[in-house]
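**Student:** Let me begin by handing over the structure; questions about it come next.
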Amino acid sequence: MAAKPPGGVMREVVGVDGSEVALAAVRWAAADAALHRTTLRLVCAAPRTPGELGPEATRQGTSMVTDERLRWLSKAASTAAVAAADLDIEQEVREGDPGAVLLEESEHARRLVVGTRGLGEFTGVQLALGSTAELVAMRARCPVVVVPEAVDLEGTAQRPVIVGVDGSRVGEPAVAVAFAEASDRRVPLVAVHVWSDVAVDEWFTDDSRDWESISQAEERVLAERLAGWQERYPEVPVRRVVARDRPVRYLVEHGAEGQLIVVGSRGRGSMTGMMLGSTSRALLHCAPCPLMVVRGSED
């Protein structure tokens with residue numbers, strides 16, 4: 001179990017697995033930790049026994065496997081130091097499955113950052129970080145940021161933050177985080193509210209519906225969800241987008257011009273007990289910029 005930080009200090013935790021995708025996650029997390037003036041914690045999971053990684057690792061022995069993880073951490077720390085100067089950086093190799101390790105880390109983390117996929121996508125190695133991205137997005141106790149494989153982090157500092165607003169109480173924490181991020185980054189916020197995300201084909205073929213009235217009602221839903229937060233963050237310019245379509249399509253479209261997409265872990269169309277909604281899960285695989293998944297109070 002990860003030790004609780006002294007004095008209740010919350011770290012920004014990054015999962016490191018030796019892949020280039022994980023290094024992209026490190027770069028993003030380093031800049032984010034510097035922005036929010038918090039410690040960056042680099043964590044790499046190692047098997048309890050080399051046998052967990054197969055015959056080759058068994059022949060290498062535990063010490064060689066650990067040495068490899070330490071090299072990964074050293075490279076990640078150097079990458080973080082280049083991305084953000086004067087950053088307080090912690091490094092640790094922890095025993096266990098990467099998913100379980102990162103979930104433990106999330107108990108005392110400000111946020112958890114991972115890449116979309118790691119070495120296991122190419123080598124089949126069980127320890128791969130990438131295979132755990134969806135798991136931690138579903139179950140972590142803090143917001144999770146998933147950094148895409150081919151993301152270009154250069155020149156994005158002035159781009160807006162994008163937030164998916166579904167109108168539900170479950171999604172309120174995502175809206176709160178999105179406003180705070182836009183304020184801290186001094187950029188606009190694009191609030192995307194896309195309705196008809198359930199049985200959309202049936203809706204499109206039903207000519208008896210009063211689409212104008214429904215659209216006006218959905219615009220009121222968005223306005224109500226944003227009102228209190230706009231009062232709290234008057235310095236954040238907000239652009240509202242209301243559309244009848246599938247939410248993933250619009251979030252990807254606006255995310256291509258944004259620096260961060262923020263969504264809740266499940267939306268109003270999700271069944272109680274589902275820990276990651278269809279929109280959030282789809283965005284894990286296709287978001288064009290870093291994606292932050294924020295669990296609701298009922299998750």
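In the structure tokens, each chain is lettered A, B, ... as it comes, each chain's residues begin at 1, and ligands are numbered from 1 in order of appearance.
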With only C-alpha atoms as the counted atoms, please give the residues lying no more than 10 Å from stretch 140-145 of chain A, apart from itself and same-chain residues fewer than 6 positions off, as a ChimeraX atom specification.

**Tutor:** /A:13-14,25,28-29,99-100,102-116,133-134,173-174,177,260-265,284,290-296,299

**Student:** Once DSSP has gone over the backbone, tell me which residues of stretch 54-196 of chain A are in alpha helix (DSSP H), as number ranges by chain.

**Tutor:** A: 55-60, 62-83, 98-106, 120-123, 133-139, 172-185

**Student:** Using only C-alpha atoms, find the one residue out of A:Val161, A:Ala182, A:Met64, A:Ala85 that sits nearest to A:Arg37.

**Tutor:**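 Looking at the shortest contact to A:Arg37, the residue is A:Ala85.
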
**Student:** From a DSSP calculation on the backbone, collect every residue of stretch 165-201 of chain A in strand (DSSP E or B) and output the set as a list in words.

**Tutor:**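 In stretch 165-201 of chain A, DSSP puts these residues in strand (DSSP E or B): Leu189, Val190, Ala191, Val192, His193, Val194 and Trp195 of chain A.
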
**Student:** Find, counting only C-alpha atoms, the residue in A:Val241, A:Ala33, A:Val252, A:Val16 that gets nearest to A:Val192.

**Tutor:** A:Val241

**Student:** From the options A:Phe179, A:His36, A:Asp152, A:Asp245, which residue's atoms come nearest to A:Arg232, counting only C-alpha atoms?

**Tutor:**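 Of A:Phe179, A:His36, A:Asp152, A:Asp245, the one nearest A:Arg232, counting only C-alpha atoms, is A:Phe179.
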
**Student:** Taking 3 positions as the minimum chain separation for residues in the same chain, which residues sit within 12 Å of A:Leu189 when counting only C-alpha atoms? Answer as a ChimeraX atom specification.

**Tutor:** /A:158-165,175-186,192,226,229-230,233-241,254-255,257-262

**Student:** Using only C-alpha atoms, find the one residue out of A:Ala157, A:Val146, A:Glu172, A:Val187 that sits nearest to A:Leu283.

**Tutor:** A:Val146

**Student:** When you draw a straight line from atom CA of A:Asp32 to atom CA of A:Ala191, how long is it in Å?

**Tutor:**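 A separation of 21.3 Å between them.
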